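Asks: Below: one structure in structure tokens.
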Amino acid sequence: MRNKIERSQRPHSFSLNTIPYALLIMLCLMLANDSQAAQAGPDQLWLSLAPSPQAVGVPCEIHGGGQPSSENKSQAKSQGQGQRPPRKPSRFESEHRPTAIRTYYINGAPLSKQAKAYLLHADGNSEEVPIVFGSQPKIEVNTPLKDDGMHGGNNIYVVDQEVQNGVLMVRVAKWLTVHHSCSWGHDYRSDPSRLEALTLEEVPLDTAISGLWNGNFHVETHSGDLLKATTMHNGVPQPGVTVTINTEKKWSHTTVSGPNGVAEIQLIRDYYPKSWTGFKRSQMGQFTVTADYLVAETGEYLDKPYQQIRYISTFPWKYTPSSQDYNSYGYGLGMASAAMLLSAFGVYTYRDRRRKSYKRIDLDG
Amino acid sequence: MDSLQNWLNKANLSRFRTWFQLGAFVLLVYGGYLAINISDQLPSFACVFNEKRGGSCYLMGFQHQMSIPFNRLMGGAGIGVLVGLATFAGLFLLFNKAWCGYACPLGTIQDWLTKLRRMTGVRYSNYSAKTFNSLSKIKYILLALLILIPMAMGNSIFGLPKLNHDFSVPFCMICPGRTLLPMFTGDFSQLVIDFSSKTKMVFTALGMAITGMFLAASFVKKRFFCLFCPMSALHYVFSKASFLRLTKNGDKCTRCGNCYRACDVGIRAIADDIESKNIVKDDCMMCLKCIEVCPENQCLKASFLGIPIFVSTEEGFFTRMGDKTNGK
């Protein structure tokens, strides 16, 4: 939340003797403003979407991602003994339990009433989704079970803009939900359009990353993977966009998209459990891809003039440990070879023992 | 119609079967390249771990469904299970256990290994009657385990703690189809041992061991794995209702034993049983080799909805034997 600074409009008295004091006060106020801006800068710049009312990237005391909201805490307090505790908020959606209605909370900078939300279906159709404004803005998206049009990767966007200090801040928050249940079949695994990252022309700045899920619609992003993020400006690849990736463990890497709008980032390996028994191949980490693009353009928005447009978009996603961390071809092929050789040896030995050896019969005694 | 029937009865079904198996193998292993998906409830091993498959083996989805908690299984989710089972049964009822003998890619691989053995001149092996009877029970144990283990993941059985998700799809983890079939599309990622947990390590190690044993044993024993296949056990539940039938007229049987000698799986009951009409046993793969080698008229018959398709005839037997002794 932005901290409002109430400036004194009228000093109590004005005389020559008070000018130095006034200057001193003004200097202090200016410094205070700068420090406030520095502290509130990241909070004010971006928007993000999450399945729970939490800030992205804040570690959860329960699951390792996101603090429980005050709403949930008060719920927990109000519940008496013997009742089931409220469900802990989660950073991730279940891959195997699709739901018919999904709720996403909008975190980050305060939302203006002009903000819009869009839903881009897996089949390329899109629709505008109403935003529920309030202390914690959110959107509710209908994702009917077994809906062919939504079977696959669906993008949810929230777009907002406001003029701040002569700069038109255009903020985009993106969420990707892979709507799938194995019981619906895997008919689309051969359809390339369901496997590629889609984008929407109405979205001023989007980051489309290919290869995030496989043909069986399971998330296929692992540490060590080379992510190819295409920065799209109103549906067109845009070069020169600053792309930053931040992980939960505070690792950060910044690059700039190339001439074809593609920025390549290799995901770091940052999962090191203390012991082998503590290793979980399904351990999910979250990273956020932030795209930042500044354009010199003048204009007016809601009667406020601006000289530049700054586009900022956020896109959180998840990753699991690389299979190379726990899979061994050497041991696997060794085991198969050993079993094959032992089986062959066993069959050979069995046959050899059953073979009757030649016995010479001596009739002459 | 009689001439057509006569022509069919003299046909070299084994040659037809070889080509049919090749076509089915290409379809089920590579069908995904042409966006073909016959069904996700196939009564045949079309491994789901092969991304370019042309259909999916029913057992993978079945194991997933068995892990649904009981309260959901008795509710709406149970309808999905029943629909899946009905689709599987419907597909199976069309061709009975001929899915094993003509379509199964893992069965085809075993037949190719058998052909390789013949080329090398190595003699094949067979089980004794006692060993055969003992080993044929293993598939029912595996079928029970592939139902119970996923159930124990989703439910607390007898108050015991639920199994963790590493026990997911337990049969697929040990099936040689998972390791071998993706290799045909250049995917060798299943040839590993997964050390992420003890459970995964044990399952994948067992899977690789069974793969090695499968390759060696299928070389010397025809259709080695079919005796242990839980899909075969599941087939047998619906076998008697199928449209495709293999029947025997015991009165015409002279107990020559050709049918048993020709049987790849080694089912003695084909020769010994002269009482039963429906001669399809749980291990049978309906390759119909028994009909090919039966020298007695109308003794063994394959029919579809009562219409004879392939019938044993003396003329057919000698025609086929004559073909073979002419150097083919």
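So you can find residues: chains in the structure tokens are A, B, ... in the order shown, residues in each start at 1, and ligands are numbered from 1 in order.
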Pull out every residue of chain B sitting within 6 Å of chain A, counting only C-alpha atoms, and send them as an MDAnalysis selection string.

Replies: chainID B and resid 35 191:196 208:209 212:213 216

Asks: Write out as a VMD selection string which residues come within 7 Å of range 301-312 of chain B when counting only C-alpha atoms, dropping same-chain ones fewer than 6 positions away.

Replies: chain B and resid 8 to 9 243 to 248 291 to 292 294 to 295

Asks: For all heavy atoms, I'd like the residues from the last selection saved as a compact mmCIF listing (two decimals), in the first residue's frame.

Replies:
```
# COMPACT_ATOMS: atom_id res chain seq x y z
N LEU B 8 -10.76 -68.71 -47.00
CA LEU B 8 -10.27 -68.24 -45.69
C LEU B 8 -9.68 -69.40 -44.89
O LEU B 8 -8.64 -69.27 -44.25
CB LEU B 8 -11.42 -67.60 -44.89
CG LEU B 8 -11.79 -66.18 -45.24
CD1 LEU B 8 -13.07 -65.77 -44.53
CD2 LEU B 8 -10.67 -65.21 -44.88
N ASN B 9 -10.37 -70.55 -44.96
CA ASN B 9 -9.92 -71.70 -44.17
C ASN B 9 -8.57 -72.22 -44.63
O ASN B 9 -7.85 -72.87 -43.87
CB ASN B 9 -10.95 -72.82 -44.23
CG ASN B 9 -12.24 -72.45 -43.52
OD1 ASN B 9 -12.26 -71.53 -42.70
ND2 ASN B 9 -13.31 -73.15 -43.85
N PHE B 243 -17.81 -60.97 -28.77
CA PHE B 243 -18.39 -61.34 -30.05
C PHE B 243 -17.50 -62.32 -30.81
O PHE B 243 -17.98 -63.16 -31.56
CB PHE B 243 -18.62 -60.10 -30.94
CG PHE B 243 -19.46 -59.04 -30.28
CD1 PHE B 243 -19.29 -57.70 -30.59
CD2 PHE B 243 -20.43 -59.37 -29.35
CE1 PHE B 243 -20.06 -56.73 -29.99
CE2 PHE B 243 -21.20 -58.40 -28.74
CZ PHE B 243 -21.02 -57.08 -29.06
N LEU B 244 -16.20 -62.20 -30.63
CA LEU B 244 -15.26 -63.10 -31.30
C LEU B 244 -15.01 -64.30 -30.38
O LEU B 244 -14.65 -64.12 -29.23
CB LEU B 244 -13.95 -62.38 -31.60
CG LEU B 244 -12.87 -63.18 -32.34
CD1 LEU B 244 -13.32 -63.49 -33.75
CD2 LEU B 244 -11.56 -62.41 -32.37
N ARG B 245 -15.25 -65.47 -30.92
CA ARG B 245 -15.13 -66.65 -30.06
C ARG B 245 -14.26 -67.71 -30.72
O ARG B 245 -14.21 -67.83 -31.95
CB ARG B 245 -16.51 -67.25 -29.81
CG ARG B 245 -17.39 -66.30 -29.09
CD ARG B 245 -18.54 -66.97 -28.44
NE ARG B 245 -19.28 -65.96 -27.69
CZ ARG B 245 -20.19 -66.22 -26.81
NH1 ARG B 245 -20.49 -67.48 -26.56
NH2 ARG B 245 -20.81 -65.26 -26.18
N LEU B 246 -13.63 -68.49 -29.87
CA LEU B 246 -12.85 -69.64 -30.32
C LEU B 246 -13.49 -70.87 -29.67
O LEU B 246 -13.49 -70.99 -28.44
CB LEU B 246 -11.38 -69.48 -29.89
CG LEU B 246 -10.45 -70.66 -30.16
CD1 LEU B 246 -10.39 -71.00 -31.62
CD2 LEU B 246 -9.05 -70.35 -29.63
N THR B 247 -14.06 -71.72 -30.49
CA THR B 247 -14.81 -72.86 -29.94
C THR B 247 -14.21 -74.17 -30.45
O THR B 247 -13.57 -74.22 -31.49
CB THR B 247 -16.29 -72.79 -30.32
OG1 THR B 247 -16.39 -72.62 -31.74
CG2 THR B 247 -16.98 -71.63 -29.63
N LYS B 248 -14.49 -75.20 -29.69
CA LYS B 248 -13.96 -76.52 -30.04
C LYS B 248 -15.09 -77.53 -30.02
O LYS B 248 -15.93 -77.53 -29.12
CB LYS B 248 -12.88 -76.91 -29.03
CG LYS B 248 -12.27 -78.29 -29.27
CD LYS B 248 -11.13 -78.54 -28.31
CE LYS B 248 -10.55 -79.93 -28.53
NZ LYS B 248 -9.41 -80.22 -27.66
N ILE B 291 -5.94 -73.35 -34.75
CA ILE B 291 -6.86 -73.67 -35.85
C ILE B 291 -6.04 -73.98 -37.11
O ILE B 291 -6.37 -74.89 -37.88
CB ILE B 291 -7.84 -72.52 -36.11
CG1 ILE B 291 -8.64 -72.20 -34.86
CG2 ILE B 291 -8.77 -72.87 -37.27
CD1 ILE B 291 -9.63 -71.07 -35.01
N GLU B 292 -4.96 -73.22 -37.28
CA GLU B 292 -4.11 -73.42 -38.47
C GLU B 292 -3.56 -74.82 -38.54
O GLU B 292 -3.40 -75.40 -39.62
CB GLU B 292 -2.95 -72.44 -38.43
CG GLU B 292 -3.25 -71.08 -39.01
CD GLU B 292 -1.98 -70.27 -39.19
OE1 GLU B 292 -1.37 -69.91 -38.17
OE2 GLU B 292 -1.61 -70.01 -40.35
N CYS B 294 -4.72 -77.54 -36.84
CA CYS B 294 -5.64 -78.63 -36.55
C CYS B 294 -6.04 -79.33 -37.84
O CYS B 294 -6.55 -78.70 -38.77
CB CYS B 294 -6.89 -78.09 -35.84
SG CYS B 294 -8.09 -79.38 -35.48
N PRO B 295 -5.80 -80.65 -37.93
CA PRO B 295 -6.08 -81.35 -39.18
C PRO B 295 -7.50 -81.87 -39.32
O PRO B 295 -7.84 -82.49 -40.32
CB PRO B 295 -5.08 -82.52 -39.14
CG PRO B 295 -4.93 -82.80 -37.68
CD PRO B 295 -5.15 -81.51 -36.93
```

Asks: DSSP on the backbone: which residues in range 206-294 of chain A end up as strand (DSSP E)? Give the answer as a VMD selection string.

Replies: chain A and resid 206 to 209 226 to 233 236 to 237 242 to 247 252 to 256 262 to 266 285 to 294

Asks: Can I get the selected residues back with N, CA and C atoms, as a short mmCIF file (atom, residue, chain, number, x, y, z; two decimals), in the first residue's frame?

Replies:
```cif
data_model
loop_
_atom_site.label_atom_id
_atom_site.label_comp_id
_atom_site.auth_asym_id
_atom_site.auth_seq_id
_atom_site.Cartn_x
_atom_site.Cartn_y
_atom_site.Cartn_z
N ASP A 206 3.35 -8.54 -22.77
CA ASP A 206 3.16 -9.92 -22.32
C ASP A 206 4.47 -10.66 -22.48
N THR A 207 4.65 -11.66 -21.63
CA THR A 207 5.83 -12.53 -21.75
C THR A 207 5.32 -13.92 -22.04
N ALA A 208 5.59 -14.39 -23.24
CA ALA A 208 5.12 -15.73 -23.64
C ALA A 208 6.31 -16.67 -23.62
N ILE A 209 6.22 -17.69 -22.77
CA ILE A 209 7.32 -18.65 -22.64
C ILE A 209 6.84 -19.99 -23.15
N LEU A 226 16.44 -23.97 -20.05
CA LEU A 226 16.67 -22.69 -20.74
C LEU A 226 15.31 -22.15 -21.16
N LEU A 227 14.89 -21.09 -20.51
CA LEU A 227 13.59 -20.52 -20.83
C LEU A 227 13.74 -19.51 -21.96
N LYS A 228 12.84 -19.62 -22.92
CA LYS A 228 12.86 -18.65 -24.04
C LYS A 228 11.60 -17.81 -23.92
N ALA A 229 11.78 -16.62 -23.40
CA ALA A 229 10.64 -15.73 -23.16
C ALA A 229 10.54 -14.73 -24.31
N THR A 230 9.39 -14.73 -24.97
CA THR A 230 9.17 -13.77 -26.05
C THR A 230 8.36 -12.62 -25.49
N THR A 231 8.92 -11.44 -25.55
CA THR A 231 8.20 -10.27 -25.03
C THR A 231 7.33 -9.72 -26.16
N MET A 232 6.05 -9.60 -25.86
CA MET A 232 5.07 -9.20 -26.87
C MET A 232 4.46 -7.85 -26.48
N HIS A 233 4.47 -6.94 -27.42
CA HIS A 233 3.86 -5.62 -27.20
C HIS A 233 2.62 -5.57 -28.09
N VAL A 236 2.72 -8.31 -30.69
CA VAL A 236 3.84 -8.32 -31.65
C VAL A 236 5.14 -8.47 -30.86
N PRO A 237 6.04 -9.35 -31.29
CA PRO A 237 7.32 -9.49 -30.56
C PRO A 237 8.05 -8.15 -30.48
N THR A 242 13.48 -5.19 -21.06
CA THR A 242 14.28 -5.72 -19.95
C THR A 242 13.48 -6.81 -19.26
N VAL A 243 14.07 -8.00 -19.24
CA VAL A 243 13.38 -9.14 -18.64
C VAL A 243 14.18 -9.57 -17.41
N THR A 244 13.49 -9.66 -16.29
CA THR A 244 14.14 -10.07 -15.04
C THR A 244 13.43 -11.29 -14.50
N ILE A 245 14.20 -12.24 -14.04
CA ILE A 245 13.62 -13.41 -13.40
C ILE A 245 14.05 -13.40 -11.95
N ASN A 246 13.09 -13.58 -11.06
CA ASN A 246 13.37 -13.64 -9.62
C ASN A 246 12.84 -14.96 -9.07
N THR A 247 13.68 -15.65 -8.30
CA THR A 247 13.19 -16.89 -7.67
C THR A 247 12.92 -16.63 -6.20
N SER A 252 18.33 -13.60 -8.84
CA SER A 252 17.75 -12.71 -9.83
C SER A 252 18.68 -12.62 -11.03
N HIS A 253 18.10 -12.55 -12.18
CA HIS A 253 18.90 -12.41 -13.41
C HIS A 253 18.15 -11.51 -14.37
N THR A 254 18.89 -10.58 -14.97
CA THR A 254 18.26 -9.63 -15.88
C THR A 254 18.90 -9.73 -17.25
N THR A 255 18.07 -9.68 -18.25
CA THR A 255 18.57 -9.68 -19.62
C THR A 255 17.65 -8.81 -20.48
N VAL A 256 18.02 -8.63 -21.72
CA VAL A 256 17.21 -7.80 -22.61
C VAL A 256 16.79 -8.65 -23.81
N VAL A 262 13.01 -12.26 -28.23
CA VAL A 262 13.22 -13.42 -27.36
C VAL A 262 14.35 -13.14 -26.37
N ALA A 263 14.06 -13.41 -25.11
CA ALA A 263 15.08 -13.32 -24.06
C ALA A 263 15.30 -14.72 -23.51
N GLU A 264 16.55 -15.14 -23.47
CA GLU A 264 16.85 -16.49 -22.96
C GLU A 264 17.39 -16.41 -21.55
N ILE A 265 16.79 -17.22 -20.69
CA ILE A 265 17.24 -17.25 -19.29
C ILE A 265 17.34 -18.70 -18.86
N GLN A 266 18.46 -19.04 -18.25
CA GLN A 266 18.60 -20.41 -17.74
C GLN A 266 18.23 -20.40 -16.27
N GLY A 285 9.18 -24.82 -6.79
CA GLY A 285 9.63 -23.48 -6.47
C GLY A 285 8.91 -22.52 -7.39
N GLN A 286 8.91 -21.27 -7.03
CA GLN A 286 8.23 -20.29 -7.88
C GLN A 286 9.21 -19.23 -8.35
N PHE A 287 9.09 -18.87 -9.58
CA PHE A 287 9.86 -17.73 -10.08
C PHE A 287 8.88 -16.77 -10.73
N THR A 288 9.31 -15.52 -10.79
CA THR A 288 8.48 -14.50 -11.43
C THR A 288 9.28 -13.85 -12.54
N VAL A 289 8.71 -13.80 -13.70
CA VAL A 289 9.35 -13.13 -14.83
C VAL A 289 8.73 -11.73 -14.94
N THR A 290 9.56 -10.73 -14.82
CA THR A 290 9.08 -9.34 -14.91
C THR A 290 9.65 -8.73 -16.18
N ALA A 291 8.77 -8.15 -16.95
CA ALA A 291 9.22 -7.46 -18.17
C ALA A 291 9.02 -5.97 -17.97
N ASP A 292 9.99 -5.19 -18.37
CA ASP A 292 9.98 -3.75 -18.14
C ASP A 292 10.36 -3.06 -19.44
N TYR A 293 9.50 -2.16 -19.89
CA TYR A 293 9.76 -1.55 -21.21
C TYR A 293 9.38 -0.08 -21.14
N LEU A 294 10.32 0.80 -21.46
CA LEU A 294 10.10 2.24 -21.38
C LEU A 294 10.08 2.82 -22.78
#
```

Asks: How close does each residue of range 56-131 of chain B get to range 150-165 of chain B, giving the shortest atom pair and distance in Å to one decimal for every residue with an atom at most 9 Å away, counting only C-alpha atoms, sorted by chain and residue number, as a tab-separated table?

Replies:
```
residue	atom	partner	partner_atom	distance
B:Gln63	CA	B:Pro150	CA	6.1
B:His64	CA	B:Pro150	CA	7.0
B:Gln65	CA	B:Pro150	CA	8.1
B:Met66	CA	B:Met151	CA	5.3
B:Ser67	CA	B:Pro150	CA	4.4
B:Ile68	CA	B:Gly154	CA	5.4
B:Pro69	CA	B:Gly154	CA	4.8
B:Phe70	CA	B:Asn155	CA	6.8
```

Asks: Excluding range 222-226 of chain B and residues on its chain fewer than 6 positions from it, collect all residues at most 10 Å away from it, counting only C-alpha atoms, and give them as a count of residues only.

Replies: 35

Asks: Check the smallest atom-to-atom distance from each of A:Pro144, A:Pro321, A:Gly149, A:Pro305 to Gln164 in chain A using only C-alpha atoms, then report the winner.

Replies: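 Counting only C-alpha atoms, the residue closest to Gln164 in chain A is A:Pro305.
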
Asks: For range 131-136 of chain A, please output as number ranges by chain all residues within 12 Å (counting only C-alpha atoms; exclusion window: fewer than 2 positions along the same chain).

Replies: A: 1, 49-50, 52-55, 69-71, 103-119, 128-129, 138-141, 156-160

Asks: Extract the full set of helix (DSSP H, G or I) residues from range 133-197 of chain B according to DSSP on the backbone, and format it as a JSON list (two decimals) with N, CA and C atoms, in the first residue's frame.

Replies:
```json
[["chain", "number", "residue", "atom", "x", "y", "z"],
["B", 133, "ASN", "N", 0.95, -74.00, -14.55],
["B", 133, "ASN", "CA", -0.22, -73.72, -13.71],
["B", 133, "ASN", "C", 0.13, -72.79, -12.55],
["B", 134, "SER", "N", 1.34, -72.95, -12.01],
["B", 134, "SER", "CA", 1.75, -72.07, -10.89],
["B", 134, "SER", "C", 1.97, -70.64, -11.38],
["B", 135, "LEU", "N", 2.69, -70.54, -12.49],
["B", 135, "LEU", "CA", 3.05, -69.19, -12.98],
["B", 135, "LEU", "C", 1.84, -68.41, -13.49],
["B", 138, "ILE", "N", 0.20, -65.70, -11.33],
["B", 138, "ILE", "CA", 0.88, -64.44, -11.01],
["B", 138, "ILE", "C", 0.13, -63.24, -11.59],
["B", 139, "LYS", "N", -0.47, -63.41, -12.74],
["B", 139, "LYS", "CA", -1.14, -62.25, -13.36],
["B", 139, "LYS", "C", -2.33, -61.78, -12.51],
["B", 140, "TYR", "N", -2.98, -62.70, -11.81],
["B", 140, "TYR", "CA", -4.09, -62.30, -10.96],
["B", 140, "TYR", "C", -3.58, -61.56, -9.72],
["B", 141, "ILE", "N", -2.41, -61.98, -9.25],
["B", 141, "ILE", "CA", -1.81, -61.28, -8.11],
["B", 141, "ILE", "C", -1.44, -59.86, -8.54],
["B", 142, "LEU", "N", -0.86, -59.74, -9.71],
["B", 142, "LEU", "CA", -0.48, -58.41, -10.20],
["B", 142, "LEU", "C", -1.72, -57.54, -10.43],
["B", 143, "LEU", "N", -2.78, -58.14, -10.93],
["B", 143, "LEU", "CA", -4.02, -57.37, -11.14],
["B", 143, "LEU", "C", -4.57, -56.87, -9.81],
["B", 144, "ALA", "N", -4.55, -57.74, -8.80],
["B", 144, "ALA", "CA", -5.03, -57.34, -7.48],
["B", 144, "ALA", "C", -4.16, -56.23, -6.91],
["B", 145, "LEU", "N", -2.85, -56.34, -7.10],
["B", 145, "LEU", "CA", -1.95, -55.31, -6.55],
["B", 145, "LEU", "C", -2.14, -53.97, -7.26],
["B", 146, "LEU", "N", -2.35, -54.01, -8.56],
["B", 146, "LEU", "CA", -2.50, -52.73, -9.27],
["B", 146, "LEU", "C", -3.83, -52.05, -8.97],
["B", 147, "ILE", "N", -4.72, -52.79, -8.32],
["B", 147, "ILE", "CA", -5.95, -52.17, -7.82],
["B", 147, "ILE", "C", -5.78, -51.73, -6.38],
["B", 148, "LEU", "N", -5.18, -52.60, -5.56],
["B", 148, "LEU", "CA", -5.11, -52.31, -4.12],
["B", 148, "LEU", "C", -4.10, -51.23, -3.77],
["B", 149, "ILE", "N", -2.97, -51.23, -4.44],
["B", 149, "ILE", "CA", -1.94, -50.24, -4.09],
["B", 149, "ILE", "C", -2.44, -48.82, -4.36],
["B", 150, "PRO", "N", -3.00, -48.52, -5.53],
["B", 150, "PRO", "CA", -3.56, -47.16, -5.69],
["B", 150, "PRO", "C", -4.69, -46.86, -4.72],
["B", 151, "MET", "N", -5.48, -47.88, -4.38],
["B", 151, "MET", "CA", -6.56, -47.65, -3.39],
["B", 151, "MET", "C", -5.96, -47.25, -2.06],
["B", 152, "ALA", "N", -4.83, -47.85, -1.71],
["B", 152, "ALA", "CA", -4.19, -47.53, -0.44],
["B", 152, "ALA", "C", -3.54, -46.15, -0.48],
["B", 153, "MET", "N", -3.39, -45.59, -1.66],
["B", 153, "MET", "CA", -2.88, -44.22, -1.76],
["B", 153, "MET", "C", -3.96, -43.22, -1.44],
["B", 154, "GLY", "N", -5.17, -43.49, -1.90],
["B", 154, "GLY", "CA", -6.25, -42.55, -1.74],
["B", 154, "GLY", "C", -7.06, -42.77, -0.46],
["B", 157, "ILE", "N", -6.57, -47.85, 4.53],
["B", 157, "ILE", "CA", -7.16, -49.18, 4.56],
["B", 157, "ILE", "C", -6.80, -49.85, 5.88],
["B", 158, "PHE", "N", -7.82, -50.30, 6.58],
["B", 158, "PHE", "CA", -7.67, -50.92, 7.91],
["B", 158, "PHE", "C", -6.92, -50.01, 8.87],
["B", 159, "GLY", "N", -7.13, -48.71, 8.72],
["B", 159, "GLY", "CA", -6.51, -47.75, 9.63],
["B", 159, "GLY", "C", -5.03, -47.52, 9.39],
["B", 165, "HIS", "N", 2.50, -40.72, -2.86],
["B", 165, "HIS", "CA", 2.27, -40.69, -4.29],
["B", 165, "HIS", "C", 3.37, -41.35, -5.12],
["B", 166, "ASP", "N", 4.45, -41.75, -4.47],
["B", 166, "ASP", "CA", 5.47, -42.48, -5.21],
["B", 166, "ASP", "C", 4.99, -43.87, -5.62],
["B", 167, "PHE", "N", 3.90, -44.32, -5.01],
["B", 167, "PHE", "CA", 3.34, -45.62, -5.36],
["B", 167, "PHE", "C", 2.36, -45.52, -6.54],
["B", 170, "PRO", "N", 1.57, -48.33, -9.98],
["B", 170, "PRO", "CA", 2.61, -49.31, -9.61],
["B", 170, "PRO", "C", 2.93, -50.30, -10.72],
["B", 171, "PHE", "N", 1.92, -50.76, -11.47],
["B", 171, "PHE", "CA", 2.22, -51.73, -12.50],
["B", 171, "PHE", "C", 3.01, -51.10, -13.65],
["B", 172, "CYS", "N", 2.67, -49.89, -13.99],
["B", 172, "CYS", "CA", 3.40, -49.21, -15.07],
["B", 172, "CYS", "C", 4.88, -49.07, -14.72],
["B", 173, "MET", "N", 5.19, -48.94, -13.43],
["B", 173, "MET", "CA", 6.59, -48.76, -13.03],
["B", 173, "MET", "C", 7.39, -50.03, -13.26],
["B", 174, "ILE", "N", 6.73, -51.20, -13.26],
["B", 174, "ILE", "CA", 7.48, -52.43, -13.46],
["B", 174, "ILE", "C", 7.24, -53.05, -14.83],
["B", 176, "PRO", "N", 7.56, -53.81, -18.66],
["B", 176, "PRO", "CA", 8.60, -53.61, -19.67],
["B", 176, "PRO", "C", 8.14, -52.74, -20.83],
["B", 177, "GLY", "N", 6.84, -52.59, -20.99],
["B", 177, "GLY", "CA", 6.33, -51.69, -22.03],
["B", 177, "GLY", "C", 6.75, -50.25, -21.79],
["B", 178, "ARG", "N", 6.81, -49.84, -20.53],
["B", 178, "ARG", "CA", 7.18, -48.46, -20.20],
["B", 178, "ARG", "C", 8.61, -48.15, -20.62],
["B", 179, "THR", "N", 9.48, -49.15, -20.47],
["B", 179, "THR", "CA", 10.89, -48.90, -20.79],
["B", 179, "THR", "C", 11.18, -49.10, -22.28],
["B", 180, "LEU", "N", 10.49, -50.08, -22.89],
["B", 180, "LEU", "CA", 10.85, -50.45, -24.26],
["B", 180, "LEU", "C", 10.10, -49.66, -25.33],
["B", 181, "LEU", "N", 8.80, -49.45, -25.14],
["B", 181, "LEU", "CA", 8.03, -48.83, -26.23],
["B", 181, "LEU", "C", 8.45, -47.39, -26.54],
["B", 182, "PRO", "N", 8.73, -46.54, -25.53],
["B", 182, "PRO", "CA", 9.18, -45.18, -25.89],
["B", 182, "PRO", "C", 10.49, -45.17, -26.67],
["B", 183, "MET", "N", 11.28, -46.24, -26.54],
["B", 183, "MET", "CA", 12.57, -46.28, -27.25],
["B", 183, "MET", "C", 12.36, -46.24, -28.74],
["B", 184, "PHE", "N", 11.24, -46.76, -29.21],
["B", 184, "PHE", "CA", 10.98, -46.80, -30.64],
["B", 184, "PHE", "C", 10.70, -45.41, -31.22],
["B", 185, "THR", "N", 10.46, -44.45, -30.35],
["B", 185, "THR", "CA", 10.31, -43.07, -30.84],
["B", 185, "THR", "C", 11.48, -42.21, -30.39]]
```

Asks: Of the residues B:Phe238, B:Pro43, B:Glu296, B:Met286, which is the one nearest to Arg255 in chain B, using only C-alpha atoms?

Replies: B:Glu296

Asks: Could you check which of A:Ser181, A:Ser126, A:Thr221, A:Asn154 is closest to Gly80 in chain B, using only C-alpha atoms?

Replies: A:Ser181

Asks: Provide the CA of Tyr306 in chain A to CA of Val167 in chain A distance in Å, to one decimal place.

Replies: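 So the answer is 5.1 Å.
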
Asks: So how many Å separate CA of Tyr236 in chain B and CA of Ile270 in chain B, to one decimal?

Replies: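 Atom-to-atom, CA of Tyr236 in chain B and CA of Ile270 in chain B are spaced 16.0 Å apart.
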
Asks: List the spatial neighbours of Arg123 in chain B as a list in words - criterion: any atom at most 10 Å away, only C-alpha atoms, same-chain residues fewer than 2 positions off excluded.

Replies: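 Non-adjacent residues within range: Arg117, Arg118, Thr120, Gly121, Ser125, Phe219, Val220 and Lys221 of chain B.
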
Asks: Compile the contact shell of Arg194 in chain A as a ChimeraX atom specification: residues with an atom at most 8 Å away, counting only C-alpha atoms, same-chain residues fewer than 6 positions apart removed.

Replies: /A:122-123,152-153,188

Asks: Write the residues of the preceding selection, restricted to C-alpha atoms, as a compact mmCIF listing (two decimals), in the first residue's frame.

Replies:
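See out.txt below for the written result:
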```txt
# COMPACT_ATOMS: atom_id res chain seq x y z
CA ALA A 122 -6.54 -22.49 -24.66
CA ASP A 123 -8.25 -22.51 -28.05
CA GLY A 152 -4.90 -26.72 -21.94
CA GLY A 153 -3.08 -23.52 -21.02
CA TYR A 188 -4.73 -32.48 -27.74
```
